[in-house]
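Listing of entry08.cif, mmCIF, N, CA and C atoms
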```cif
data_run
loop_
_atom_site.label_atom_id
_atom_site.label_comp_id
_atom_site.auth_asym_id
_atom_site.auth_seq_id
_atom_site.Cartn_x
_atom_site.Cartn_y
_atom_site.Cartn_z
N THR A 1019 -46.32 33.41 -0.58
CA THR A 1019 -44.95 33.64 -0.15
C THR A 1019 -44.24 32.30 -0.10
N THR A 1020 -43.05 32.26 -0.74
CA THR A 1020 -42.25 31.05 -0.73
C THR A 1020 -40.96 31.32 0.05
N THR A 1021 -40.69 30.46 1.00
CA THR A 1021 -39.46 30.60 1.78
C THR A 1021 -38.57 29.40 1.47
N THR A 1022 -37.35 29.69 1.11
CA THR A 1022 -36.39 28.63 0.81
C THR A 1022 -35.26 28.70 1.83
N THR A 1023 -35.01 27.60 2.47
CA THR A 1023 -33.91 27.53 3.44
C THR A 1023 -32.86 26.60 2.89
N THR A 1024 -31.64 27.09 2.85
CA THR A 1024 -30.53 26.27 2.38
C THR A 1024 -29.58 26.04 3.54
N THR A 1025 -29.27 24.80 3.77
CA THR A 1025 -28.34 24.46 4.83
C THR A 1025 -27.12 23.80 4.21
N GLU A 1026 -25.96 24.32 4.52
CA GLU A 1026 -24.73 23.72 4.02
C GLU A 1026 -24.04 23.01 5.16
N GLU A 1027 -23.61 21.80 4.90
CA GLU A 1027 -22.89 21.04 5.90
C GLU A 1027 -21.50 20.74 5.32
N THR A 1028 -20.50 21.08 6.08
CA THR A 1028 -19.14 20.81 5.65
C THR A 1028 -18.62 19.61 6.42
N ILE A 1029 -18.22 18.61 5.69
CA ILE A 1029 -17.65 17.42 6.30
C ILE A 1029 -16.17 17.41 6.00
N THR A 1030 -15.39 17.37 7.04
CA THR A 1030 -13.94 17.34 6.86
C THR A 1030 -13.45 15.93 7.15
N LYS A 1031 -12.85 15.36 6.15
CA LYS A 1031 -12.32 14.01 6.31
C LYS A 1031 -10.82 14.14 6.54
N GLU A 1032 -10.37 13.56 7.63
CA GLU A 1032 -8.94 13.59 7.94
C GLU A 1032 -8.21 12.76 6.89
N PRO A 1033 -7.11 13.28 6.37
CA PRO A 1033 -6.35 12.50 5.39
C PRO A 1033 -5.72 11.29 6.06
N ALA A 1034 -5.55 10.23 5.28
CA ALA A 1034 -4.90 9.04 5.80
C ALA A 1034 -3.47 9.39 6.16
N PRO A 1035 -2.96 8.81 7.26
CA PRO A 1035 -1.57 9.11 7.62
C PRO A 1035 -0.61 8.64 6.52
N THR A 1036 0.43 9.41 6.31
CA THR A 1036 1.43 9.03 5.32
C THR A 1036 2.79 8.99 5.98
N ASN A 1037 3.72 8.28 5.34
CA ASN A 1037 5.07 8.21 5.88
C ASN A 1037 5.88 9.42 5.43
N SER A 1038 7.14 9.47 5.81
CA SER A 1038 7.97 10.64 5.49
C SER A 1038 8.26 10.78 4.00
N TYR A 1039 7.97 9.74 3.20
CA TYR A 1039 8.14 9.80 1.75
C TYR A 1039 6.84 10.18 1.04
N GLY A 1040 5.78 10.44 1.80
CA GLY A 1040 4.49 10.77 1.22
C GLY A 1040 3.69 9.55 0.81
N GLY A 1041 4.19 8.36 1.12
CA GLY A 1041 3.50 7.12 0.77
C GLY A 1041 2.51 6.71 1.84
N ASN A 1042 1.76 5.68 1.54
CA ASN A 1042 0.76 5.15 2.46
C ASN A 1042 1.35 4.04 3.31
N PHE A 1043 0.62 3.69 4.37
CA PHE A 1043 0.95 2.54 5.19
C PHE A 1043 0.02 1.39 4.79
N VAL A 1044 0.57 0.21 4.55
CA VAL A 1044 -0.20 -0.96 4.17
C VAL A 1044 0.15 -2.07 5.15
N THR A 1045 -0.87 -2.66 5.80
CA THR A 1045 -0.61 -3.68 6.81
C THR A 1045 -0.93 -5.06 6.27
N ILE A 1046 -0.01 -5.99 6.52
CA ILE A 1046 -0.21 -7.40 6.18
C ILE A 1046 -0.23 -8.18 7.48
N ILE A 1047 -1.29 -8.96 7.69
CA ILE A 1047 -1.31 -9.87 8.84
C ILE A 1047 -0.57 -11.12 8.39
N TRP A 1048 0.63 -11.29 8.90
CA TRP A 1048 1.56 -12.34 8.47
C TRP A 1048 1.36 -13.54 9.38
N GLU A 1049 0.39 -14.39 9.00
CA GLU A 1049 0.07 -15.60 9.75
C GLU A 1049 0.22 -16.79 8.81
N THR A 1050 -0.29 -17.93 9.15
CA THR A 1050 -0.08 -19.12 8.33
C THR A 1050 -0.81 -19.10 7.00
N ASP A 1051 -1.87 -18.29 6.86
CA ASP A 1051 -2.57 -18.16 5.58
C ASP A 1051 -1.96 -16.98 4.82
N VAL A 1052 -1.14 -17.26 3.82
CA VAL A 1052 -0.39 -16.21 3.14
C VAL A 1052 -1.04 -15.75 1.83
N ARG A 1053 -2.25 -16.18 1.52
CA ARG A 1053 -2.88 -15.79 0.26
C ARG A 1053 -3.01 -14.28 0.12
N ALA A 1054 -3.29 -13.58 1.22
CA ALA A 1054 -3.46 -12.12 1.16
C ALA A 1054 -2.14 -11.38 1.36
N ALA A 1055 -1.04 -12.09 1.48
CA ALA A 1055 0.25 -11.46 1.75
C ALA A 1055 0.99 -11.04 0.48
N SER A 1056 0.50 -11.42 -0.68
CA SER A 1056 1.08 -10.96 -1.95
C SER A 1056 0.23 -9.78 -2.43
N ILE A 1057 0.83 -8.60 -2.46
CA ILE A 1057 0.08 -7.38 -2.76
C ILE A 1057 0.87 -6.47 -3.69
N ASP A 1058 0.16 -5.49 -4.25
CA ASP A 1058 0.77 -4.42 -5.04
C ASP A 1058 0.76 -3.16 -4.18
N VAL A 1059 1.87 -2.42 -4.18
CA VAL A 1059 1.95 -1.13 -3.50
C VAL A 1059 2.63 -0.15 -4.45
N LEU A 1060 2.66 1.12 -4.06
CA LEU A 1060 3.32 2.14 -4.86
C LEU A 1060 4.68 2.49 -4.27
N VAL A 1061 5.56 2.99 -5.12
CA VAL A 1061 6.86 3.48 -4.65
C VAL A 1061 6.60 4.48 -3.54
N GLY A 1062 7.30 4.36 -2.43
CA GLY A 1062 7.13 5.24 -1.28
C GLY A 1062 6.22 4.70 -0.21
N ASP A 1063 5.47 3.62 -0.50
CA ASP A 1063 4.58 3.03 0.51
C ASP A 1063 5.39 2.24 1.53
N THR A 1064 4.89 2.21 2.75
CA THR A 1064 5.48 1.41 3.82
C THR A 1064 4.57 0.22 4.09
N VAL A 1065 5.14 -0.98 4.01
CA VAL A 1065 4.39 -2.19 4.33
C VAL A 1065 4.72 -2.57 5.78
N ILE A 1066 3.68 -2.86 6.54
CA ILE A 1066 3.82 -3.27 7.93
C ILE A 1066 3.34 -4.71 8.04
N TRP A 1067 4.21 -5.60 8.46
CA TRP A 1067 3.85 -6.98 8.71
C TRP A 1067 3.58 -7.13 10.20
N GLU A 1068 2.49 -7.81 10.54
CA GLU A 1068 2.16 -8.07 11.94
C GLU A 1068 1.83 -9.54 12.11
N TRP A 1069 2.32 -10.15 13.17
CA TRP A 1069 1.95 -11.51 13.51
C TRP A 1069 1.78 -11.57 15.02
N PHE A 1070 0.77 -12.36 15.47
CA PHE A 1070 0.35 -12.29 16.86
C PHE A 1070 0.49 -13.60 17.62
N THR A 1071 0.17 -14.70 17.01
CA THR A 1071 0.21 -15.98 17.72
C THR A 1071 0.66 -17.07 16.77
N GLY A 1072 0.91 -18.22 17.32
CA GLY A 1072 1.21 -19.35 16.45
C GLY A 1072 2.69 -19.63 16.35
N PRO A 1073 3.09 -20.09 15.17
CA PRO A 1073 4.49 -20.51 15.01
C PRO A 1073 5.44 -19.32 15.05
N LEU A 1074 6.71 -19.60 15.26
CA LEU A 1074 7.74 -18.56 15.21
C LEU A 1074 7.83 -18.03 13.79
N LEU A 1075 7.74 -16.70 13.63
CA LEU A 1075 7.74 -16.09 12.30
C LEU A 1075 8.73 -14.93 12.24
N ASN A 1076 9.15 -14.64 11.03
CA ASN A 1076 9.90 -13.44 10.71
C ASN A 1076 9.65 -13.11 9.25
N VAL A 1077 10.22 -12.03 8.74
CA VAL A 1077 10.03 -11.60 7.36
C VAL A 1077 11.41 -11.33 6.77
N ILE A 1078 11.74 -12.07 5.70
CA ILE A 1078 13.05 -11.94 5.06
C ILE A 1078 12.83 -11.85 3.55
N SER A 1079 13.46 -10.87 2.92
CA SER A 1079 13.36 -10.77 1.46
C SER A 1079 14.27 -11.80 0.82
N GLY A 1080 13.79 -12.38 -0.28
CA GLY A 1080 14.58 -13.36 -1.00
C GLY A 1080 13.70 -14.36 -1.71
N THR A 1081 14.33 -15.24 -2.45
CA THR A 1081 13.63 -16.24 -3.25
C THR A 1081 14.07 -17.63 -2.83
N GLY A 1082 13.11 -18.57 -2.76
CA GLY A 1082 13.43 -19.95 -2.44
C GLY A 1082 14.08 -20.11 -1.07
N HIS A 1083 13.67 -19.30 -0.13
CA HIS A 1083 14.21 -19.30 1.24
C HIS A 1083 15.70 -18.96 1.28
N VAL A 1084 16.16 -18.18 0.30
CA VAL A 1084 17.54 -17.67 0.30
C VAL A 1084 17.45 -16.15 0.38
N ALA A 1085 17.97 -15.57 1.47
CA ALA A 1085 17.89 -14.13 1.69
C ALA A 1085 18.68 -13.36 0.64
N ASP A 1086 18.12 -12.19 0.23
CA ASP A 1086 18.83 -11.35 -0.72
C ASP A 1086 19.32 -10.05 -0.10
N GLY A 1087 19.04 -9.83 1.19
CA GLY A 1087 19.57 -8.67 1.90
C GLY A 1087 18.79 -7.39 1.78
N VAL A 1088 17.65 -7.38 1.09
CA VAL A 1088 16.89 -6.14 0.95
C VAL A 1088 16.22 -5.77 2.27
N PHE A 1089 15.56 -6.71 2.93
CA PHE A 1089 15.00 -6.47 4.26
C PHE A 1089 14.99 -7.76 5.07
N ASN A 1090 15.01 -7.59 6.40
CA ASN A 1090 15.06 -8.75 7.31
C ASN A 1090 14.58 -8.28 8.67
N SER A 1091 13.55 -8.94 9.20
CA SER A 1091 12.99 -8.53 10.48
C SER A 1091 13.75 -9.09 11.67
N GLY A 1092 14.74 -9.93 11.43
CA GLY A 1092 15.50 -10.51 12.54
C GLY A 1092 15.10 -11.94 12.82
N LEU A 1093 15.43 -12.41 14.00
CA LEU A 1093 15.13 -13.79 14.38
C LEU A 1093 13.63 -14.02 14.49
N PRO A 1094 13.16 -15.26 14.22
CA PRO A 1094 11.73 -15.57 14.34
C PRO A 1094 11.23 -15.38 15.77
N THR A 1095 10.01 -14.85 15.88
CA THR A 1095 9.38 -14.64 17.18
C THR A 1095 7.92 -15.10 17.12
N GLU A 1096 7.29 -15.29 18.29
CA GLU A 1096 5.88 -15.70 18.33
C GLU A 1096 4.95 -14.57 17.93
N SER A 1097 5.33 -13.35 18.22
CA SER A 1097 4.53 -12.20 17.80
C SER A 1097 5.50 -11.06 17.47
N GLY A 1098 5.08 -10.20 16.57
CA GLY A 1098 5.97 -9.11 16.22
C GLY A 1098 5.40 -8.20 15.16
N THR A 1099 6.12 -7.13 14.90
CA THR A 1099 5.79 -6.16 13.88
C THR A 1099 7.07 -5.76 13.18
N PHE A 1100 7.00 -5.63 11.87
CA PHE A 1100 8.14 -5.21 11.08
C PHE A 1100 7.64 -4.33 9.96
N ASN A 1101 8.37 -3.26 9.62
CA ASN A 1101 7.94 -2.44 8.49
C ASN A 1101 9.13 -2.12 7.60
N PHE A 1102 8.79 -1.88 6.32
CA PHE A 1102 9.80 -1.55 5.32
C PHE A 1102 9.16 -0.61 4.32
N THR A 1103 9.88 0.46 3.96
CA THR A 1103 9.40 1.41 2.96
C THR A 1103 10.07 1.11 1.63
N PHE A 1104 9.25 0.89 0.60
CA PHE A 1104 9.75 0.54 -0.72
C PHE A 1104 9.98 1.80 -1.54
N LEU A 1105 11.24 2.05 -1.91
CA LEU A 1105 11.60 3.27 -2.62
C LEU A 1105 11.90 3.04 -4.10
N SER A 1106 11.93 1.78 -4.53
CA SER A 1106 12.20 1.45 -5.93
C SER A 1106 11.15 0.49 -6.45
N PRO A 1107 10.69 0.68 -7.70
CA PRO A 1107 9.73 -0.27 -8.27
C PRO A 1107 10.38 -1.63 -8.48
N GLY A 1108 9.55 -2.66 -8.49
CA GLY A 1108 10.07 -4.01 -8.74
C GLY A 1108 9.26 -5.07 -8.03
N ARG A 1109 9.77 -6.26 -8.11
CA ARG A 1109 9.13 -7.44 -7.51
C ARG A 1109 10.00 -7.88 -6.35
N TYR A 1110 9.43 -7.93 -5.15
CA TYR A 1110 10.15 -8.28 -3.94
C TYR A 1110 9.54 -9.54 -3.33
N GLU A 1111 10.22 -10.65 -3.51
CA GLU A 1111 9.76 -11.89 -2.91
C GLU A 1111 10.24 -11.93 -1.46
N TYR A 1112 9.44 -12.58 -0.60
CA TYR A 1112 9.85 -12.70 0.80
C TYR A 1112 9.30 -13.98 1.40
N PHE A 1113 9.81 -14.33 2.59
CA PHE A 1113 9.45 -15.60 3.22
C PHE A 1113 9.66 -15.51 4.73
N SER A 1114 9.21 -16.57 5.42
CA SER A 1114 9.49 -16.72 6.84
C SER A 1114 10.47 -17.88 7.00
N GLN A 1115 11.51 -17.63 7.74
CA GLN A 1115 12.66 -18.54 7.85
C GLN A 1115 12.30 -19.97 8.26
N LEU A 1116 11.45 -20.15 9.25
CA LEU A 1116 11.16 -21.49 9.77
C LEU A 1116 9.88 -22.11 9.20
N GLN A 1117 9.20 -21.40 8.31
CA GLN A 1117 7.93 -21.89 7.77
C GLN A 1117 8.05 -22.03 6.25
N PRO A 1118 8.36 -23.23 5.74
CA PRO A 1118 8.62 -23.40 4.31
C PRO A 1118 7.48 -22.98 3.39
N SER A 1119 6.23 -23.04 3.86
CA SER A 1119 5.11 -22.69 2.99
C SER A 1119 4.80 -21.18 2.99
N MET A 1120 5.47 -20.42 3.81
CA MET A 1120 5.16 -18.99 3.91
C MET A 1120 6.07 -18.19 3.00
N GLU A 1121 5.59 -17.99 1.78
CA GLU A 1121 6.28 -17.20 0.78
C GLU A 1121 5.25 -16.29 0.11
N ALA A 1122 5.65 -15.06 -0.18
CA ALA A 1122 4.74 -14.12 -0.83
C ALA A 1122 5.55 -13.11 -1.63
N VAL A 1123 4.85 -12.19 -2.31
CA VAL A 1123 5.50 -11.22 -3.18
C VAL A 1123 4.87 -9.84 -2.98
N ILE A 1124 5.72 -8.82 -2.87
CA ILE A 1124 5.27 -7.43 -2.91
C ILE A 1124 5.69 -6.90 -4.28
N THR A 1125 4.73 -6.40 -5.06
CA THR A 1125 5.04 -5.77 -6.34
C THR A 1125 4.92 -4.27 -6.14
N VAL A 1126 6.01 -3.56 -6.39
CA VAL A 1126 6.05 -2.12 -6.17
C VAL A 1126 5.94 -1.43 -7.53
N LEU A 1127 4.91 -0.60 -7.66
CA LEU A 1127 4.60 0.07 -8.93
C LEU A 1127 4.89 1.57 -8.83
N GLU A 1128 5.20 2.19 -9.97
CA GLU A 1128 5.34 3.64 -10.03
C GLU A 1128 3.95 4.25 -9.89
N PRO A 1129 3.84 5.38 -9.19
CA PRO A 1129 2.53 6.04 -9.10
C PRO A 1129 2.07 6.52 -10.47
N THR A 1130 0.76 6.58 -10.66
CA THR A 1130 0.16 7.08 -11.89
C THR A 1130 -0.45 8.44 -11.60
N THR A 1131 -0.19 9.42 -12.45
CA THR A 1131 -0.74 10.76 -12.27
C THR A 1131 -1.79 11.01 -13.34
N THR A 1132 -2.97 11.47 -12.91
CA THR A 1132 -4.04 11.80 -13.85
C THR A 1132 -4.38 13.28 -13.70
N THR A 1133 -4.36 13.99 -14.81
CA THR A 1133 -4.69 15.42 -14.81
C THR A 1133 -5.94 15.62 -15.67
N THR A 1134 -6.93 16.31 -15.12
CA THR A 1134 -8.15 16.59 -15.86
C THR A 1134 -8.33 18.10 -15.94
N SER A 1135 -8.59 18.59 -17.15
CA SER A 1135 -8.88 20.01 -17.30
C SER A 1135 -10.19 20.15 -18.04
N THR A 1136 -10.98 21.14 -17.64
CA THR A 1136 -12.28 21.37 -18.26
C THR A 1136 -12.35 22.81 -18.76
N THR A 1137 -12.82 22.98 -19.99
CA THR A 1137 -12.99 24.30 -20.58
C THR A 1137 -14.45 24.45 -20.98
N SER A 1138 -15.08 25.54 -20.56
CA SER A 1138 -16.47 25.80 -20.93
C SER A 1138 -16.55 27.11 -21.69
N THR A 1139 -17.33 27.10 -22.76
CA THR A 1139 -17.53 28.30 -23.56
C THR A 1139 -19.03 28.50 -23.74
N THR A 1140 -19.52 29.71 -23.45
CA THR A 1140 -20.94 30.00 -23.62
C THR A 1140 -21.08 31.08 -24.69
N THR A 1141 -21.84 30.77 -25.74
CA THR A 1141 -22.12 31.73 -26.80
C THR A 1141 -23.63 31.73 -27.00
N SER A 1142 -24.26 32.90 -26.89
CA SER A 1142 -25.71 33.02 -26.94
C SER A 1142 -26.28 32.10 -25.88
N SER A 1143 -27.04 31.09 -26.26
CA SER A 1143 -27.60 30.17 -25.28
C SER A 1143 -27.03 28.76 -25.48
N THR A 1144 -25.85 28.66 -26.05
CA THR A 1144 -25.22 27.36 -26.28
C THR A 1144 -23.98 27.26 -25.40
N THR A 1145 -23.85 26.17 -24.69
CA THR A 1145 -22.68 25.94 -23.85
C THR A 1145 -21.94 24.74 -24.38
N THR A 1146 -20.65 24.88 -24.55
CA THR A 1146 -19.82 23.77 -25.02
C THR A 1146 -18.80 23.47 -23.93
N SER A 1147 -18.68 22.22 -23.56
CA SER A 1147 -17.69 21.81 -22.56
C SER A 1147 -16.74 20.81 -23.17
N THR A 1148 -15.48 20.95 -22.84
CA THR A 1148 -14.47 20.02 -23.31
C THR A 1148 -13.69 19.54 -22.10
N THR A 1149 -13.51 18.25 -21.96
CA THR A 1149 -12.74 17.69 -20.88
C THR A 1149 -11.62 16.86 -21.46
N ALA A 1150 -10.42 17.07 -20.97
CA ALA A 1150 -9.27 16.29 -21.42
C ALA A 1150 -8.63 15.62 -20.22
N THR A 1151 -8.34 14.37 -20.36
CA THR A 1151 -7.69 13.62 -19.28
C THR A 1151 -6.37 13.09 -19.78
N THR A 1152 -5.33 13.32 -19.00
CA THR A 1152 -4.00 12.82 -19.34
C THR A 1152 -3.52 11.93 -18.22
N THR A 1153 -3.08 10.75 -18.53
CA THR A 1153 -2.56 9.82 -17.53
C THR A 1153 -1.08 9.61 -17.78
N THR A 1154 -0.28 9.81 -16.72
CA THR A 1154 1.15 9.64 -16.82
C THR A 1154 1.59 8.53 -15.89
N THR A 1155 2.37 7.61 -16.39
CA THR A 1155 2.89 6.55 -15.53
C THR A 1155 4.39 6.65 -15.44
#
```
Rewrite the structure of this file - the entire thing - as structure tokens.
Amino acid sequence: TTTTTTTEETITKEPAPTNSYGGNFVTIIWETDVRAASIDVLVGDTVIWEWFTGPLLNVISGTGHVADGVFNSGLPTESGTFNFTFLSPGRYEYFSQLQPSMEAVITVLEPTTTTTSTTSTTTSSTTTSTTATTTTT
């Protein structure tokens, strides 16, 4: 006598929180080391800048420490949080007003859609599978 026991476990993973545009939240720790502050995001993503200690900081969009008016966190503070949702693709340079070396870039990309379809056909004892993948940018 053979006894087979099958146990199924369902794991439910909570989806990552999204903003009202369906985009993701991306956090940048905006401190004196800005190497990780230049990132790529998708249209609809919200970038959150956080700074906790150290010099007075803020976040202003623009090039060469000249504001372009796209976003501005206000006056420099010792600690703070600022967020901005990017709704258009492009290159967004930004800086901190009182810190000449603090410059970075957010590159906003269009989302890419991938569709996969699979067709299986069984004839006699032969199975043929076809998979097609389409990528749209």
| said: I need the residue nearest Pro1094 (chain A) from this list: A:Pro1073, A:Pro1107, A:Thr1081, A:Gly1062. Use only N, CA and C atoms for the distance. | reply: A:Pro1073
Give as a PDB file with N, CA and C atoms, in the frame of the given file each residue that has an atom at most 6 Å from (5.8, -1.7, -6.1) in the file, counting only C-alpha atoms.
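Contents of point.pdb, freshly written:
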```pdb
ATOM      1  N   ASP A1058       0.160  -5.490  -4.250  1.00  0.00           N
ATOM      2  CA  ASP A1058       0.770  -4.420  -5.040  1.00  0.00           C
ATOM      3  C   ASP A1058       0.760  -3.160  -4.180  1.00  0.00           C
ATOM      4  N   VAL A1059       1.870  -2.420  -4.180  1.00  0.00           N
ATOM      5  CA  VAL A1059       1.950  -1.130  -3.500  1.00  0.00           C
ATOM      6  C   VAL A1059       2.630  -0.150  -4.450  1.00  0.00           C
ATOM      7  N   LEU A1060       2.660   1.120  -4.060  1.00  0.00           N
ATOM      8  CA  LEU A1060       3.320   2.140  -4.860  1.00  0.00           C
ATOM      9  C   LEU A1060       4.680   2.490  -4.270  1.00  0.00           C
ATOM     10  N   VAL A1061       5.560   2.990  -5.120  1.00  0.00           N
ATOM     11  CA  VAL A1061       6.860   3.480  -4.650  1.00  0.00           C
ATOM     12  C   VAL A1061       6.600   4.480  -3.540  1.00  0.00           C
ATOM     13  N   PRO A1107      10.690   0.680  -7.700  1.00  0.00           N
ATOM     14  CA  PRO A1107       9.730  -0.270  -8.270  1.00  0.00           C
ATOM     15  C   PRO A1107      10.380  -1.630  -8.480  1.00  0.00           C
ATOM     16  N   GLY A1108       9.550  -2.660  -8.490  1.00  0.00           N
ATOM     17  CA  GLY A1108      10.070  -4.010  -8.740  1.00  0.00           C
ATOM     18  C   GLY A1108       9.260  -5.070  -8.030  1.00  0.00           C
ATOM     19  N   THR A1125       4.730  -6.400  -5.060  1.00  0.00           N
ATOM     20  CA  THR A1125       5.040  -5.770  -6.340  1.00  0.00           C
ATOM     21  C   THR A1125       4.920  -4.270  -6.140  1.00  0.00           C
ATOM     22  N   VAL A1126       6.010  -3.560  -6.390  1.00  0.00           N
ATOM     23  CA  VAL A1126       6.050  -2.120  -6.170  1.00  0.00           C
ATOM     24  C   VAL A1126       5.940  -1.430  -7.530  1.00  0.00           C
ATOM     25  N   LEU A1127       4.910  -0.600  -7.660  1.00  0.00           N
ATOM     26  CA  LEU A1127       4.600   0.070  -8.930  1.00  0.00           C
ATOM     27  C   LEU A1127       4.890   1.570  -8.830  1.00  0.00           C
TER      28      LEU A1127
END
```
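With distances restricted to only C-alpha atoms, A:Gly1098 is the closest residue to Phe1070 (chain A) from A:Gly1087, A:Gly1098, A:Gly1092, A:Gly1082.
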| Which is closer to Gly1040 (chain A) than all the others in A:Ser1097, A:Asp1063, A:Arg1053, A:Ala1085, using only N, CA and C atoms? | A:Asp1063
| remark: Expressed in Å, the length from atom C of Val1088 (chain A) to atom C of Thr1071 (chain A) is 24.1 Å
| request: To verify the selection step, state as a list of chain:residue names which residues the PyMOL selection byres ((chain A and resi 1043-1047) around 6.5) yields on this input. | output: A:Pro1035, A:Thr1036, A:Asn1037, A:Gly1041, A:Asn1042, A:Trp1048, A:Glu1049, A:Ala1055, A:Asp1063, A:Thr1064, A:Val1065, A:Ile1066, A:Trp1067, A:Glu1068, A:Trp1069
Residues from the last selection, N, CA and C atoms, saved as an mmCIF file, in the frame of the given file:
```cif
data_model
loop_
_atom_site.group_PDB
_atom_site.id
_atom_site.type_symbol
_atom_site.label_atom_id
_atom_site.label_comp_id
_atom_site.auth_asym_id
_atom_site.auth_seq_id
_atom_site.Cartn_x
_atom_site.Cartn_y
_atom_site.Cartn_z
ATOM 1 N N PRO A 1035 -2.960 8.810 7.260
ATOM 2 C CA PRO A 1035 -1.570 9.110 7.620
ATOM 3 C C PRO A 1035 -0.610 8.640 6.520
ATOM 4 N N THR A 1036 0.430 9.410 6.310
ATOM 5 C CA THR A 1036 1.430 9.030 5.320
ATOM 6 C C THR A 1036 2.790 8.990 5.980
ATOM 7 N N ASN A 1037 3.720 8.280 5.340
ATOM 8 C CA ASN A 1037 5.070 8.210 5.880
ATOM 9 C C ASN A 1037 5.880 9.420 5.430
ATOM 10 N N GLY A 1041 4.190 8.360 1.120
ATOM 11 C CA GLY A 1041 3.500 7.120 0.770
ATOM 12 C C GLY A 1041 2.510 6.710 1.840
ATOM 13 N N ASN A 1042 1.760 5.680 1.540
ATOM 14 C CA ASN A 1042 0.760 5.150 2.460
ATOM 15 C C ASN A 1042 1.350 4.040 3.310
ATOM 16 N N TRP A 1048 0.630 -11.290 8.900
ATOM 17 C CA TRP A 1048 1.560 -12.340 8.470
ATOM 18 C C TRP A 1048 1.360 -13.540 9.380
ATOM 19 N N GLU A 1049 0.390 -14.390 9.000
ATOM 20 C CA GLU A 1049 0.070 -15.600 9.750
ATOM 21 C C GLU A 1049 0.220 -16.790 8.810
ATOM 22 N N ALA A 1055 -1.040 -12.090 1.480
ATOM 23 C CA ALA A 1055 0.250 -11.460 1.750
ATOM 24 C C ALA A 1055 0.990 -11.040 0.480
ATOM 25 N N ASP A 1063 5.470 3.620 -0.500
ATOM 26 C CA ASP A 1063 4.580 3.030 0.510
ATOM 27 C C ASP A 1063 5.390 2.240 1.530
ATOM 28 N N THR A 1064 4.890 2.210 2.750
ATOM 29 C CA THR A 1064 5.480 1.410 3.820
ATOM 30 C C THR A 1064 4.570 0.220 4.090
ATOM 31 N N VAL A 1065 5.140 -0.980 4.010
ATOM 32 C CA VAL A 1065 4.390 -2.190 4.330
ATOM 33 C C VAL A 1065 4.720 -2.570 5.780
ATOM 34 N N ILE A 1066 3.680 -2.860 6.540
ATOM 35 C CA ILE A 1066 3.820 -3.270 7.930
ATOM 36 C C ILE A 1066 3.340 -4.710 8.040
ATOM 37 N N TRP A 1067 4.210 -5.600 8.460
ATOM 38 C CA TRP A 1067 3.850 -6.980 8.710
ATOM 39 C C TRP A 1067 3.580 -7.130 10.200
ATOM 40 N N GLU A 1068 2.490 -7.810 10.540
ATOM 41 C CA GLU A 1068 2.160 -8.070 11.940
ATOM 42 C C GLU A 1068 1.830 -9.540 12.110
ATOM 43 N N TRP A 1069 2.320 -10.150 13.170
ATOM 44 C CA TRP A 1069 1.950 -11.510 13.510
ATOM 45 C C TRP A 1069 1.780 -11.570 15.020
#
```
| Point-to-point distance from atom C of Ser1119 (chain A) to CA of Leu1105 (chain A), Å rounded to tenths | 26.0 Å
For Glu1111 (chain A): contacts at 6.5 Å, only N, CA and C atoms, fewer than 2 positions along chain excluded, given as a tab-separated table (two decimals) with N, CA and C atoms, keeping the file's coordinate frame:
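Below is the file selection_39.tsv, written as the result:
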```tsv
chain	number	residue	atom	x	y	z
A	1078	ILE	N	11.74	-12.07	5.70
A	1078	ILE	CA	13.05	-11.94	5.06
A	1078	ILE	C	12.83	-11.85	3.55
A	1079	SER	N	13.46	-10.87	2.92
A	1079	SER	CA	13.36	-10.77	1.46
A	1079	SER	C	14.27	-11.80	0.82
A	1080	GLY	N	13.79	-12.38	-0.28
A	1080	GLY	CA	14.58	-13.36	-1.00
A	1080	GLY	C	13.70	-14.36	-1.71
A	1081	THR	N	14.33	-15.24	-2.45
A	1081	THR	CA	13.63	-16.24	-3.25
A	1081	THR	C	14.07	-17.63	-2.83
A	1109	ARG	N	9.77	-6.26	-8.11
A	1109	ARG	CA	9.13	-7.44	-7.51
A	1109	ARG	C	10.00	-7.88	-6.35
A	1113	PHE	N	9.81	-14.33	2.59
A	1113	PHE	CA	9.45	-15.60	3.22
A	1113	PHE	C	9.66	-15.51	4.73
A	1122	ALA	N	5.65	-15.06	-0.18
A	1122	ALA	CA	4.74	-14.12	-0.83
A	1122	ALA	C	5.55	-13.11	-1.63
A	1123	VAL	N	4.85	-12.19	-2.31
A	1123	VAL	CA	5.50	-11.22	-3.18
A	1123	VAL	C	4.87	-9.84	-2.98
A	1124	ILE	N	5.72	-8.82	-2.87
A	1124	ILE	CA	5.27	-7.43	-2.91
A	1124	ILE	C	5.69	-6.90	-4.28
```
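Straight-line separation from CA of Glu1128 (chain A) to CA of Ser1056 (chain A): 17.2 Å.
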| Filtered DSSP result for region 1041-1098 of chain A, state strand (DSSP E), as a PyMOL selection string | chain A and resi 1043-1047+1057-1060+1064-1069+1078-1081+1084-1090+1098
